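Asks: If it helps, the file is called query.txt and holds compact mmCIF, C-alpha atoms (C1' of nucleotides):
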# COMPACT_ATOMS: atom_id res chain seq x y z
CA MET A 1 9.07 -0.51 14.60
CA ARG A 2 6.86 -2.58 16.83
CA ASN A 3 4.30 0.22 16.79
CA LEU A 4 3.96 -0.11 13.06
CA MET A 5 3.62 -3.86 13.44
CA LYS A 6 0.58 -3.33 15.63
CA GLU A 7 -0.99 -0.91 13.19
CA VAL A 8 -0.43 -3.23 10.29
CA HIS A 9 -1.81 -6.30 12.02
CA ALA A 10 -4.69 -4.45 13.66
CA ARG A 11 -7.66 -5.67 11.64
CA ALA A 12 -8.25 -9.37 12.19
CA ASP A 13 -10.50 -9.65 9.16
CA GLU A 14 -7.83 -8.44 6.81
CA GLN A 15 -5.00 -10.70 7.78
CA ASN A 16 -4.41 -12.11 4.38
CA ALA A 17 -1.10 -11.67 2.66
CA ARG A 18 -2.30 -9.09 0.16
CA MET A 19 -3.84 -6.73 2.68
CA MET A 20 -0.95 -7.08 5.09
CA THR A 21 1.47 -6.15 2.34
CA LEU A 22 -0.63 -3.17 1.32
CA ARG A 23 -0.83 -1.85 4.86
CA ALA A 24 2.88 -2.35 5.45
CA GLY A 25 3.55 -0.42 2.25
CA ILE A 26 1.41 2.47 3.44
CA ALA A 27 3.10 2.62 6.82
CA LEU A 28 6.61 2.59 5.39
CA PHE A 29 6.09 4.85 2.39
CA ALA A 30 4.49 7.33 4.79
CA GLU A 31 7.40 7.29 7.19
CA LYS A 32 10.36 6.93 4.89
CA GLY A 33 9.17 7.95 1.46
CA TYR A 34 9.14 5.82 -1.66
CA ALA A 35 12.85 5.83 -2.38
CA GLY A 36 13.72 5.42 1.28
CA THR A 37 11.69 2.24 1.67
CA SER A 38 13.06 -1.09 0.54
CA VAL A 39 11.03 -4.09 -0.58
CA ARG A 40 12.81 -6.08 2.08
CA GLU A 41 11.46 -3.82 4.81
CA ILE A 42 7.92 -3.96 3.46
CA VAL A 43 7.68 -7.73 3.38
CA GLU A 44 9.38 -8.03 6.76
CA LEU A 45 6.85 -5.69 8.35
CA ALA A 46 3.97 -7.43 6.59
CA GLY A 47 5.20 -10.81 7.76
CA VAL A 48 5.36 -12.21 4.24
CA THR A 49 8.15 -12.95 1.79
CA LYS A 50 9.30 -11.09 -1.27
CA PRO A 51 7.59 -13.23 -3.90
CA VAL A 52 4.25 -12.48 -2.20
CA LEU A 53 4.65 -8.80 -2.96
CA TYR A 54 5.64 -9.45 -6.53
CA TYR A 55 2.81 -11.90 -6.95
CA TYR A 56 0.08 -9.49 -5.88
CA PHE A 57 1.47 -6.16 -7.02
CA LYS A 58 3.98 -7.06 -9.75
CA SER A 59 6.57 -4.60 -8.42
CA LYS A 60 7.31 -2.02 -5.74
CA GLU A 61 5.81 0.55 -8.07
CA GLY A 62 2.69 -1.58 -8.54
CA LEU A 63 2.14 -1.62 -4.79
CA PHE A 64 2.58 2.14 -4.71
CA ARG A 65 -0.11 2.64 -7.36
CA ALA A 66 -2.52 0.20 -5.74
CA ILE A 67 -2.34 2.20 -2.51
CA LEU A 68 -3.04 5.54 -4.18
CA ASP A 69 -5.89 4.22 -6.31
CA TRP A 70 -7.51 2.91 -3.17
CA ALA A 71 -7.15 6.29 -1.43
CA ALA A 72 -8.60 8.18 -4.38
CA GLU A 73 -11.77 6.11 -4.19
CA MET A 74 -12.26 6.92 -0.51
CA GLN A 75 -11.70 10.63 -1.06
CA LYS A 76 -14.34 10.78 -3.76
CA GLU A 77 -16.97 9.46 -1.37
CA VAL A 78 -16.23 11.97 1.39
CA LEU A 79 -16.29 14.96 -0.96
CA ALA A 80 -19.49 13.87 -2.69
CA GLU A 81 -21.16 13.88 0.69
CA ALA A 82 -19.85 17.36 1.56
CA LEU A 83 -21.25 18.83 -1.66
CA ASP A 84 -24.75 17.84 -0.53
CA SER A 85 -24.57 19.26 2.97
CA PRO A 86 -26.83 22.17 4.02
CA GLY A 87 -26.07 25.24 6.12
CA GLN A 88 -23.76 28.26 6.02
CA ALA A 89 -20.47 28.10 4.13
CA LEU A 90 -18.21 28.42 7.16
CA ASN A 91 -20.06 25.71 9.05
CA ARG A 92 -20.10 23.42 6.04
CA LEU A 93 -16.34 23.76 5.73
CA ILE A 94 -15.84 23.13 9.43
CA ASP A 95 -17.95 19.98 9.13
CA LEU A 96 -16.06 18.84 6.06
CA PHE A 97 -12.70 19.17 7.73
CA GLU A 98 -14.02 17.52 10.85
CA LYS A 99 -15.01 14.55 8.71
CA ILE A 100 -11.65 14.50 6.98
CA HIS A 101 -9.95 14.61 10.34
CA GLU A 102 -11.90 11.53 11.39
CA GLY A 103 -10.77 9.72 8.27
CA ILE A 104 -7.20 10.67 9.03
CA ARG A 105 -7.39 9.31 12.54
CA GLU A 106 -8.52 5.97 11.13
CA ASN A 107 -5.77 5.86 8.56
CA ARG A 108 -3.00 8.22 9.51
CA GLY A 109 -0.36 6.54 7.40
CA LEU A 110 -2.31 6.78 4.18
CA TYR A 111 -3.03 10.47 4.58
CA ARG A 112 0.53 11.19 5.52
CA MET A 113 1.84 9.30 2.51
CA ILE A 114 -0.25 11.44 0.18
CA HIS A 115 0.69 14.63 2.00
CA ASN A 116 4.37 13.74 1.63
CA LEU A 117 3.99 12.99 -2.03
CA PHE A 118 2.28 16.28 -2.60
CA PHE A 119 4.79 18.42 -0.79
CA GLY A 120 7.94 16.35 -0.93
CA PRO A 121 10.36 15.57 -3.73
CA THR A 122 8.84 13.95 -6.79
CA GLN A 123 11.75 12.60 -8.77
CA GLY A 124 12.53 8.98 -8.22
CA VAL A 125 8.91 8.41 -7.28
CA PRO A 126 6.71 6.72 -9.90
CA SER A 127 4.72 9.34 -11.77
CA TYR A 128 1.20 9.55 -10.49
CA ASP A 129 -1.35 12.33 -10.77
CA ILE A 130 -1.09 13.14 -7.10
CA GLU A 131 -2.49 16.62 -7.59
CA LEU A 132 -5.82 15.06 -8.37
CA PHE A 133 -6.34 14.87 -4.60
CA HIS A 134 -5.90 18.59 -4.23
CA ARG A 135 -7.85 19.51 -7.34
CA ARG A 136 -10.84 17.68 -5.95
CA MET A 137 -10.51 19.47 -2.60
CA ASP A 138 -10.10 22.74 -4.43
CA ASP A 139 -13.29 22.21 -6.43
CA THR A 140 -15.27 21.32 -3.34
CA ILE A 141 -14.11 24.37 -1.39
CA LYS A 142 -14.92 26.68 -4.27
CA ALA A 143 -18.41 25.23 -4.64
CA ILE A 144 -19.12 25.72 -0.94
CA TYR A 145 -17.72 29.25 -0.96
CA MET A 146 -19.70 30.28 -4.03
CA LYS A 147 -22.88 28.98 -2.48
CA GLY A 148 -22.08 31.19 0.51
CA VAL A 149 -21.74 34.22 -1.77
CA GLU A 150 -25.00 33.38 -3.51
CA GLN A 151 -26.78 33.30 -0.20
CA GLY A 152 -25.37 36.66 0.78
CA GLU A 153 -23.25 35.41 3.70
CA LEU A 154 -19.87 36.21 2.19
CA ARG A 155 -18.39 39.00 0.14
CA GLU A 156 -17.38 38.19 -3.39
CA VAL A 157 -13.66 37.81 -4.07
CA SER A 158 -11.61 35.49 -6.26
CA ALA A 159 -12.77 31.91 -5.65
CA ASP A 160 -9.27 30.71 -6.51
CA ASP A 161 -7.82 32.87 -3.77
CA VAL A 162 -10.38 31.62 -1.26
CA ALA A 163 -9.54 28.02 -2.11
CA VAL A 164 -5.83 28.70 -1.63
CA LEU A 165 -6.48 30.42 1.68
CA ILE A 166 -8.56 27.54 3.04
CA LEU A 167 -6.48 24.72 1.61
CA SER A 168 -3.19 26.16 2.78
CA LEU A 169 -4.55 26.51 6.26
CA THR A 170 -5.95 23.00 6.51
CA ASP A 171 -2.87 21.38 4.99
CA PHE A 172 -0.63 23.24 7.38
CA CYS A 173 -2.81 22.21 10.30
CA PHE A 174 -2.59 18.57 9.39
CA HIS A 175 1.13 19.00 9.17
CA LEU A 176 1.25 20.61 12.61
CA ASP A 177 -0.96 17.88 13.98
CA HIS A 178 1.50 15.32 12.78
CA LEU A 179 4.60 17.04 14.14
CA HIS A 180 3.15 18.53 17.34
CA PRO A 181 -0.09 16.80 18.29
CA GLU A 182 -0.11 18.75 21.54
CA SER A 183 -0.44 22.04 19.67
CA MET A 184 -3.50 20.95 17.72
CA ASN A 185 -6.44 20.49 20.04
CA PRO A 186 -9.69 19.67 18.22
CA GLY A 187 -11.07 23.20 18.12
CA ARG A 188 -7.92 24.81 16.79
CA LEU A 189 -8.60 24.30 13.10
CA GLU A 190 -12.12 25.63 13.60
CA GLY A 191 -10.75 28.71 15.30
CA LEU A 192 -8.28 29.25 12.49
CA LEU A 193 -10.97 28.93 9.83
CA ARG A 194 -13.05 31.49 11.69
CA LEU A 195 -10.02 33.77 11.85
CA ALA A 196 -9.45 33.46 8.11
CA PHE A 197 -13.13 34.23 7.50
CA ARG A 198 -13.19 37.18 9.83
CA GLY A 199 -9.78 38.72 9.08
CA LEU A 200 -7.30 40.60 11.24
CA GLU A 201 -8.32 44.17 10.62
CA LYS A 202 -10.17 46.16 13.20
CA ARG A 203 -13.75 46.93 12.29
CA MET B 204 19.79 17.12 -16.36
CA ARG B 205 21.63 19.66 -18.48
CA ASN B 206 19.55 22.39 -16.87
CA LEU B 207 20.94 21.47 -13.50
CA MET B 208 24.43 21.45 -14.93
CA LYS B 209 24.00 25.06 -15.97
CA GLU B 210 22.70 26.05 -12.57
CA VAL B 211 25.53 24.31 -10.81
CA HIS B 212 28.25 25.81 -12.96
CA ALA B 213 26.69 29.26 -13.07
CA ARG B 214 29.04 31.21 -10.83
CA ALA B 215 32.48 31.52 -12.33
CA ASP B 216 34.00 32.65 -9.04
CA GLU B 217 32.97 29.51 -7.24
CA GLN B 218 34.28 26.90 -9.58
CA ASN B 219 36.30 25.01 -7.07
CA ALA B 220 35.62 21.41 -6.28
CA ARG B 221 34.09 22.02 -2.88
CA MET B 222 31.56 24.59 -4.02
CA MET B 223 30.65 22.60 -7.12
CA THR B 224 29.96 19.57 -4.97
CA LEU B 225 27.87 21.60 -2.56
CA ARG B 226 25.76 23.10 -5.32
CA ALA B 227 25.27 19.74 -7.01
CA GLY B 228 24.13 18.32 -3.68
CA ILE B 229 21.57 21.09 -3.28
CA ALA B 230 20.19 20.62 -6.78
CA LEU B 231 19.82 16.87 -6.44
CA PHE B 232 18.58 16.69 -2.85
CA ALA B 233 15.97 19.28 -3.83
CA GLU B 234 14.75 17.31 -6.81
CA LYS B 235 15.03 13.74 -5.62
CA GLY B 236 15.22 13.89 -1.88
CA TYR B 237 18.05 12.63 0.31
CA ALA B 238 17.41 8.92 -0.03
CA GLY B 239 16.65 9.23 -3.71
CA THR B 240 19.99 10.84 -4.51
CA SER B 241 23.13 8.77 -4.89
CA VAL B 242 26.67 9.93 -4.26
CA ARG B 243 27.52 8.89 -7.78
CA GLU B 244 24.96 11.31 -9.21
CA ILE B 245 26.19 14.17 -7.07
CA VAL B 246 29.82 13.88 -8.10
CA GLU B 247 28.89 13.34 -11.74
CA LEU B 248 26.81 16.52 -11.76
CA ALA B 249 29.53 18.42 -9.93
CA GLY B 250 32.16 17.18 -12.35
CA VAL B 251 34.33 15.73 -9.60
CA THR B 252 35.09 12.23 -8.34
CA LYS B 253 33.83 10.45 -5.28
CA PRO B 254 36.89 10.89 -3.08
CA VAL B 255 36.50 14.66 -3.52
CA LEU B 256 33.12 14.55 -1.82
CA TYR B 257 34.43 12.37 0.98
CA TYR B 258 37.47 14.56 1.36
CA TYR B 259 35.51 17.78 1.86
CA PHE B 260 32.38 16.54 3.56
CA LYS B 261 33.35 13.20 5.09
CA SER B 262 30.12 11.51 3.94
CA LYS B 263 26.85 12.01 2.11
CA GLU B 264 25.38 13.01 5.44
CA GLY B 265 28.19 15.50 6.02
CA LEU B 266 27.38 17.22 2.73
CA PHE B 267 23.73 17.34 3.73
CA ARG B 268 24.55 19.07 7.01
CA ALA B 269 26.95 21.52 5.41
CA ILE B 270 24.20 22.64 3.04
CA LEU B 271 21.65 23.21 5.80
CA ASP B 272 24.07 25.01 8.08
CA TRP B 273 24.86 27.38 5.25
CA ALA B 274 21.17 28.03 4.61
CA ALA B 275 20.49 28.72 8.28
CA GLU B 276 23.09 31.46 8.29
CA MET B 277 21.50 33.20 5.33
CA GLN B 278 18.03 33.01 6.84
CA LYS B 279 19.19 34.64 10.03
CA GLU B 280 20.40 37.69 8.15
CA VAL B 281 17.17 38.21 6.22
CA LEU B 282 15.00 37.94 9.33
CA ALA B 283 17.18 40.22 11.40
CA GLU B 284 16.68 42.89 8.78
CA ALA B 285 12.90 42.41 8.74
CA LEU B 286 12.68 42.89 12.49
CA ASP B 287 14.12 46.38 12.09
CA SER B 288 11.83 47.53 9.30
CA PRO B 289 9.35 50.38 9.88
CA GLY B 290 5.74 50.76 8.73
CA GLN B 291 2.42 48.97 9.14
CA ALA B 292 2.31 45.27 9.93
CA LEU B 293 0.71 44.18 6.67
CA ASN B 294 3.18 46.14 4.59
CA ARG B 295 6.12 44.91 6.63
CA LEU B 296 5.03 41.32 6.00
CA ILE B 297 4.54 41.94 2.32
CA ASP B 298 8.04 43.40 2.14
CA LEU B 299 9.49 40.49 4.08
CA PHE B 300 7.98 37.90 1.77
CA GLU B 301 9.00 39.93 -1.25
CA LYS B 302 12.56 39.79 0.01
CA ILE B 303 12.31 36.06 0.69
CA HIS B 304 10.95 35.54 -2.78
CA GLU B 305 13.99 37.30 -4.21
CA GLY B 306 16.25 35.01 -2.21
CA ILE B 307 14.37 32.03 -3.56
CA ARG B 308 14.77 33.14 -7.13
CA GLU B 309 18.51 33.31 -6.60
CA ASN B 310 18.68 29.90 -5.03
CA ARG B 311 15.58 27.92 -5.89
CA GLY B 312 17.12 24.54 -5.16
CA LEU B 313 18.17 25.39 -1.64
CA TYR B 314 14.75 26.67 -0.65
CA ARG B 315 13.05 23.74 -2.24
CA MET B 316 15.30 21.30 -0.43
CA ILE B 317 14.37 22.80 2.92
CA HIS B 318 10.69 22.92 2.02
CA ASN B 319 10.80 19.24 1.08
CA LEU B 320 12.54 18.33 4.29
CA PHE B 321 9.99 20.19 6.31
CA PHE B 322 6.95 18.71 4.68
CA GLY B 323 8.26 15.44 3.31
CA PRO B 324 9.17 12.16 4.98
CA THR B 325 11.84 12.39 7.65
CA GLN B 326 12.95 8.83 8.27
CA GLY B 327 16.04 7.77 6.43
CA VAL B 328 17.13 11.41 6.35
CA PRO B 329 19.88 12.41 8.78
CA SER B 330 18.34 14.01 11.83
CA TYR B 331 18.59 17.78 11.68
CA ASP B 332 16.61 20.44 13.49
CA ILE B 333 14.85 21.48 10.32
CA GLU B 334 12.02 23.10 12.24
CA LEU B 335 14.43 25.77 13.33
CA PHE B 336 13.78 27.44 9.97
CA HIS B 337 10.08 27.64 10.69
CA ARG B 338 10.47 28.60 14.33
CA ARG B 339 12.50 31.61 13.28
CA MET B 340 9.89 32.60 10.71
CA ASP B 341 7.21 32.08 13.31
CA ASP B 342 8.94 34.36 15.79
CA THR B 343 9.44 37.08 13.22
CA ILE B 344 5.81 37.04 12.10
CA LYS B 345 4.57 37.19 15.68
CA ALA B 346 6.82 40.13 16.45
CA ILE B 347 5.57 42.06 13.45
CA TYR B 348 1.93 41.24 14.20
CA MET B 349 2.22 42.24 17.84
CA LYS B 350 3.76 45.55 16.87
CA GLY B 351 0.71 46.05 14.64
CA VAL B 352 -1.58 45.41 17.59
CA GLU B 353 0.40 47.81 19.77
CA GLN B 354 0.02 50.53 17.19
CA GLY B 355 -3.72 49.99 17.00
CA GLU B 356 -3.79 48.76 13.40
CA LEU B 357 -4.91 45.22 14.12
CA ARG B 358 -7.34 43.56 16.47
CA GLU B 359 -5.89 41.37 19.16
CA VAL B 360 -6.19 37.63 18.69
CA SER B 361 -3.89 34.68 19.40
CA ALA B 362 -0.44 35.47 18.02
CA ASP B 363 0.11 31.75 17.51
CA ASP B 364 -2.94 31.57 15.29
CA VAL B 365 -1.87 34.58 13.30
CA ALA B 366 1.55 33.04 12.70
CA VAL B 367 -0.06 29.80 11.50
CA LEU B 368 -2.38 31.69 9.20
CA ILE B 369 0.42 33.69 7.59
CA LEU B 370 2.97 30.88 7.46
CA SER B 371 0.58 28.36 5.98
CA LEU B 372 -0.36 30.80 3.26
CA THR B 373 3.19 31.71 2.30
CA ASP B 374 4.40 28.11 2.37
CA PHE B 375 1.54 27.03 0.19
CA CYS B 376 2.21 29.86 -2.23
CA PHE B 377 5.81 28.88 -2.63
CA HIS B 378 4.63 25.36 -3.25
CA LEU B 379 2.20 26.56 -5.92
CA ASP B 380 4.88 28.72 -7.46
CA HIS B 381 7.06 25.67 -7.84
CA LEU B 382 4.38 23.41 -9.34
CA HIS B 383 2.48 25.99 -11.39
CA PRO B 384 4.57 29.11 -11.95
CA GLU B 385 1.87 30.45 -14.29
CA SER B 386 -0.65 30.58 -11.44
CA MET B 387 1.59 32.71 -9.20
CA ASN B 388 2.08 36.15 -10.70
CA PRO B 389 4.07 38.49 -8.46
CA GLY B 390 1.11 40.23 -6.86
CA ARG B 391 -0.77 37.08 -5.96
CA LEU B 392 0.84 36.48 -2.58
CA GLU B 393 0.28 40.12 -1.68
CA GLY B 394 -3.39 39.79 -2.61
CA LEU B 395 -3.71 36.65 -0.54
CA LEU B 396 -2.11 38.29 2.48
CA ARG B 397 -4.53 41.19 2.17
CA LEU B 398 -7.39 38.71 1.94
CA ALA B 399 -6.25 36.95 5.10
CA PHE B 400 -5.96 40.30 6.86
CA ARG B 401 -9.32 41.52 5.70
CA GLY B 402 -11.36 38.30 5.98
CA LEU B 403 -14.24 36.90 3.96
CA GLU B 404 -17.20 38.16 5.94
CA LYS B 405 -19.31 41.02 4.72
CA ARG B 406 -19.00 44.18 6.72
C1' DG C 407 -0.31 -18.84 -3.28
C1' DT C 408 3.67 -19.09 -0.84
C1' DC C 409 8.28 -20.56 0.04
C1' DT C 410 13.93 -20.96 -0.47
C1' DA C 411 17.58 -19.59 -2.86
C1' DT C 412 19.80 -16.66 -5.76
C1' DA C 413 20.88 -13.48 -9.81
C1' DC C 414 22.76 -9.20 -10.70
C1' DA C 415 22.94 -4.08 -10.62
C1' DA C 416 23.64 -0.10 -7.70
C1' DT C 417 24.83 1.70 -3.41
C1' DG C 418 28.02 4.28 0.22
C1' DA C 419 32.58 4.25 1.30
C1' DT C 420 37.85 3.62 1.18
C1' DA C 421 42.91 2.31 0.10
C1' DG C 422 46.72 3.76 -1.94
C1' DA C 423 49.16 6.00 -5.88
C1' DC C 424 50.29 10.60 -7.56
C1' DG D 425 43.80 17.58 -3.24
C1' DT D 426 42.59 14.56 -6.64
C1' DC D 427 42.74 10.29 -9.06
C1' DT D 428 41.88 4.82 -10.25
C1' DA D 429 40.41 0.79 -8.57
C1' DT D 430 37.88 -1.81 -5.50
C1' DC D 431 35.27 -3.27 -1.19
C1' DA D 432 31.21 -4.94 1.37
C1' DT D 433 26.39 -4.17 1.51
C1' DT D 434 21.99 -3.56 -0.02
C1' DG D 435 18.78 -2.89 -3.74
C1' DT D 436 14.93 -4.97 -6.95
C1' DA D 437 13.50 -8.86 -8.99
C1' DT D 438 13.01 -13.90 -10.35
C1' DA D 439 13.43 -19.23 -10.95
C1' DG D 440 11.77 -23.21 -9.46
C1' DA D 441 10.07 -26.30 -5.66
C1' DC D 442 5.89 -27.22 -2.96
Take the structure in the file and give it back as structure tokens.
Replies:
Amino acid sequence: MRNLMKEVHARADEQNARMMTLRAGIALFAEKGYAGTSVREIVELAGVTKPVLYYYFKSKEGLFRAILDWAAEMQKEVLAEALDSPGQALNRLIDLFEKIHEGIRENRGLYRMIHNLFFGPTQGVPSYDIELFHRRMDDTIKAIYMKGVEQGELREVSADDVAVLILSLTDFCFHLDHLHPESMNPGRLEGLLRLAFRGLEKR
Amino acid sequence: MRNLMKEVHARADEQNARMMTLRAGIALFAEKGYAGTSVREIVELAGVTKPVLYYYFKSKEGLFRAILDWAAEMQKEVLAEALDSPGQALNRLIDLFEKIHEGIRENRGLYRMIHNLFFGPTQGVPSYDIELFHRRMDDTIKAIYMKGVEQGELREVSADDVAVLILSLTDFCFHLDHLHPESMNPGRLEGLLRLAFRGLEKR
DNA sequence: GTCTATACAATGATAGAC
DNA sequence: GTCTATCATTGTATAGAC
């Protein structure tokens, strides 16, 4: 618990009650899920009192939504940048996921919270269009792949299937990275992407 | 909620209080997660009273463990069979996942509950070696792949990487199947496995 | 904006009768 | 084995002072 405390209080310029509450919410929702986290825990970790949370976010659910809206904004920026990048499809994807990985390192809790929402149980959690995060990734991957086909680097198959192949791999890798950091050295995802591109058959 | 009721009461030969409670637990843990499910809901859905749950399973946590132990037994049997199957690696894997998919159709809730536990938040949930399910899958996939290498069908790369590639794809497909059944016609997973085997590069 | 104090429903669990 | 009735605890949320 003291580890979380450090993470929450890390940024000296954001030590106002609102931001502290937001960051505590991220850390706890990520670790324990929405239903598993109590308002009492959040305010304790943030170092504020209950009325502070209700003042800024109206409710536990309001805090939840504020966090996700914030994350959606950040994702948009990263993906817009990736759509402009030059080079071969495989390398563009490797760069994109390298950039995402950097973002994760800076804000592990936030990414984990979204990952959990996407793959974990949904009932009991406030309804939120969480798939929007994946749809945007999906669109970006398809655009990069199709550019690769256009330029004659890649053979033409279903773009939907390619997106599933790439997304499943990267999601799983993030998951592995969370559970077994030792098994996910930096080059591993790159190697796996290359493997998916190249295939297993002899040639 | 009435849908769940039907699922829970489906099997006429298992309409005893213990089994009804177990099945209600599966259905609710799968949909709402462990923390999000209350004992009251479980017994209501099962059509029993609270002391019945505490009599058979000792606690909410005891019910949780009983469910997972039961699932682990079933998994063992399916994988043991797959290890004995003949044929080429790709076809053996396709058959294996076809068989798993059948098992899922018969017991959607149970598979979903395990999937959620694996990918969702873990704190607040009783500690259980949930990764055992994936380790066993991992071992089976590696064994089948390595046999394929031995027989000269496949090129030799890291078996760990191959297992990640296959597992990530199948997990993601199950996830898709749950969220968007219309996007996952029966042959889709097979097509995706072939794509992963064949690769995206021109040749 | 932030606090103390508290309202009030829901939770996991049990005692004791049958 | 299964019930009714009830416990202590914790949950979200708010009123009202500063």
Asks: Using only C-alpha atoms (C1' of nucleotides), find all polymer residues with an atom at most 10 Å away from the point (-21.8, 16.9, -0.9); report them as a list in words.
Replies: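 These residues have at least one counted atom within 10 Å: Glu77, Val78, Leu79, Ala80, Glu81, Ala82, Leu83, Asp84, Ser85, Pro86, Arg92, Leu96, Thr140, Ala143 and Ile144 of chain A.
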Asks: Compute the distance from (35.7, -2.4, 1.2) to each atom, counting all atoms listed in the file, keep the residues with any atom at most 7 Å away, and return them as a VMD selection string; use the coordinates of the file.
Replies: (chain C and resid 420) or (chain D and resid 431 to 432)
Asks: What are the nearest atom pairs, with distances in Å to one decimal, for all residues of chain A that come at most 12 Å from chain D, using only C-alpha atoms (C1' of nucleotides), set out by chain and rising residue number as CSV?
Replies:
residue,atom,partner,partner_atom,distance
A:Ala35,CA,D:DG435,C1',10.6
A:Gly36,CA,D:DG435,C1',10.9
A:Thr37,CA,D:DG435,C1',10.3
A:Ser38,CA,D:DG435,C1',7.4
A:Val39,CA,D:DT436,C1',7.5
A:Arg40,CA,D:DG435,C1',8.9
A:Glu41,CA,D:DG435,C1',11.3
A:Lys50,CA,D:DA437,C1',9.1
A:Pro51,CA,D:DT438,C1',8.5
A:Leu53,CA,D:DA437,C1',10.7
A:Tyr54,CA,D:DA437,C1',8.3
A:Tyr55,CA,D:DT438,C1',10.9
A:Lys58,CA,D:DA437,C1',9.7
A:Ser59,CA,D:DA437,C1',8.2
A:Lys60,CA,D:DT436,C1',8.3
A:Glu61,CA,D:DT436,C1',10.7
Asks: Quote the spacing between CA of Leu357 (chain B) and CA of Leu167 (chain A) in Å to one decimal place.
Replies: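 CA of Leu167 (chain A) lies 24.1 Å from CA of Leu357 (chain B).
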Asks: Could you tell me which of A:Ala17, A:Leu195, A:Ala72, A:Ile166 comes closest to chain C if we count all atoms listed in the file?
Replies: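 The answer is A:Ala17, which sits nearest to chain C.
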Asks: Please, which residues in chain B fall within 9 Å of chain A when counting all atoms listed in the file, and what is the closest atom pair and distance in Å to one decimal for each, ordered by chain then residue number, as a tab-separated table?
Replies:
residue	atom	partner	partner_atom	distance
B:Phe232	CA	A:Pro121	CA	8.3
B:Ala233	CA	A:Pro121	CA	6.7
B:Glu234	CA	A:Pro121	CA	5.6
B:Lys235	CA	A:Gln123	CA	4.7
B:Gly236	CA	A:Pro121	CA	5.5
B:Tyr237	CA	A:Gly36	CA	8.5
B:Ala238	CA	A:Gly36	CA	5.3
B:Gly239	CA	A:Ala35	CA	5.3
B:Thr240	CA	A:Gly124	CA	8.5
B:Arg315	CA	A:Pro121	CA	8.7
B:Met316	CA	A:Pro121	CA	8.3
B:His318	CA	A:Gly120	CA	7.7
B:Asn319	CA	A:Gly120	CA	4.5
B:Leu320	CA	A:Gly120	CA	7.2
B:Phe321	CA	A:Gly120	CA	8.4
B:Phe322	CA	A:Phe119	CA	5.9
B:Gly323	CA	A:Gly120	CA	4.3
B:Pro324	CA	A:Lys32	CA	5.4
B:Thr325	CA	A:Lys32	CA	6.3
B:Gln326	CA	A:Lys32	CA	4.7
B:Gly327	CA	A:Lys32	CA	5.9
B:Val328	CA	A:Lys32	CA	8.2
B:Gly355	CA	A:Lys202	CA	8.4
B:Glu356	CA	A:Lys202	CA	6.9
B:Leu357	CA	A:Glu201	CA	5.0
B:Arg358	CA	A:Lys202	CA	5.0
B:Glu359	CA	A:Leu200	CA	8.1
B:Val360	CA	A:Leu200	CA	8.1
B:Asp364	CA	A:Leu192	CA	6.5
B:Val365	CA	A:Leu195	CA	8.3
B:Val367	CA	A:Leu169	CA	7.6
B:Leu368	CA	A:Leu169	CA	6.3
B:Ile369	CA	A:Leu169	CA	8.8
B:Leu370	CA	A:Phe172	CA	8.4
B:Ser371	CA	A:Ser168	CA	5.4
B:Leu372	CA	A:Ser168	CA	5.5
B:Thr373	CA	A:Ser168	CA	8.5
B:Asp374	CA	A:Ser168	CA	7.8
B:Phe375	CA	A:Ser168	CA	5.5
B:Cys376	CA	A:Val164	CA	8.1
B:His378	CA	A:Phe119	CA	7.4
B:Arg391	CA	A:Asp161	CA	8.5
B:Gly394	CA	A:Asp161	CA	8.3
B:Leu395	CA	A:Asp161	CA	6.5
B:Leu398	CA	A:Gly199	CA	7.5
B:Ala399	CA	A:Gly199	CA	5.6
B:Phe400	CA	A:Leu200	CA	4.6
B:Arg401	CA	A:Gly199	CA	4.4
B:Gly402	CA	A:Gly199	CA	3.5
B:Leu403	CA	A:Phe197	CA	4.6
B:Glu404	CA	A:Leu154	CA	5.0
B:Lys405	CA	A:Arg155	CA	5.1
B:Arg406	CA	A:Arg203	CA	8.1
Asks: Within 12 Å of chain A, which residues of chain C come that close, and what is the closest atom pair and distance in Å for each? Count all atoms listed in the file and give it as CSV.
Replies:
residue,atom,partner,partner_atom,distance
C:DG407,C1',A:Val52,CA,7.9
C:DT408,C1',A:Val52,CA,6.8
C:DC409,C1',A:Thr49,CA,7.8
C:DT410,C1',A:Thr49,CA,10.1
C:DA411,C1',A:Pro51,CA,11.9
Asks: So how far away is CA of Ala163 (chain A) from CA of Ala366 (chain B), in Å?
Replies: 19.2 Å
Asks: Would you compute the distance between CA of Leu132 (chain A) and CA of Gln75 (chain A)? Give it in Å to one decimal.
Replies: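 Taking CA of Leu132 (chain A) as the start and CA of Gln75 (chain A) as the end point, the length is 10.4 Å.
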Asks: Please determine an axis-aligned box that encloses all atoms of region 17-36 of chain A listed in the file, with 5 Å added on each side, and express its centre and edge lengths in Å to one decimal as lines of an AutoDock Vina configuration file.
Replies:
center_x = 4.9
center_y = -1.9
center_z = 2.4
size_x = 27.6
size_y = 29.6
size_z = 19.6
Asks: Identify which of the residues A:Phe133, A:Ala46, A:Ala24, A:Ile141 lies closest to Ile94 (chain A), counting all atoms listed in the file when measuring atom-to-atom distances.
Replies: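 Between A:Phe133, A:Ala46, A:Ala24, A:Ile141, the residue approaching Ile94 (chain A) most closely is A:Ile141.
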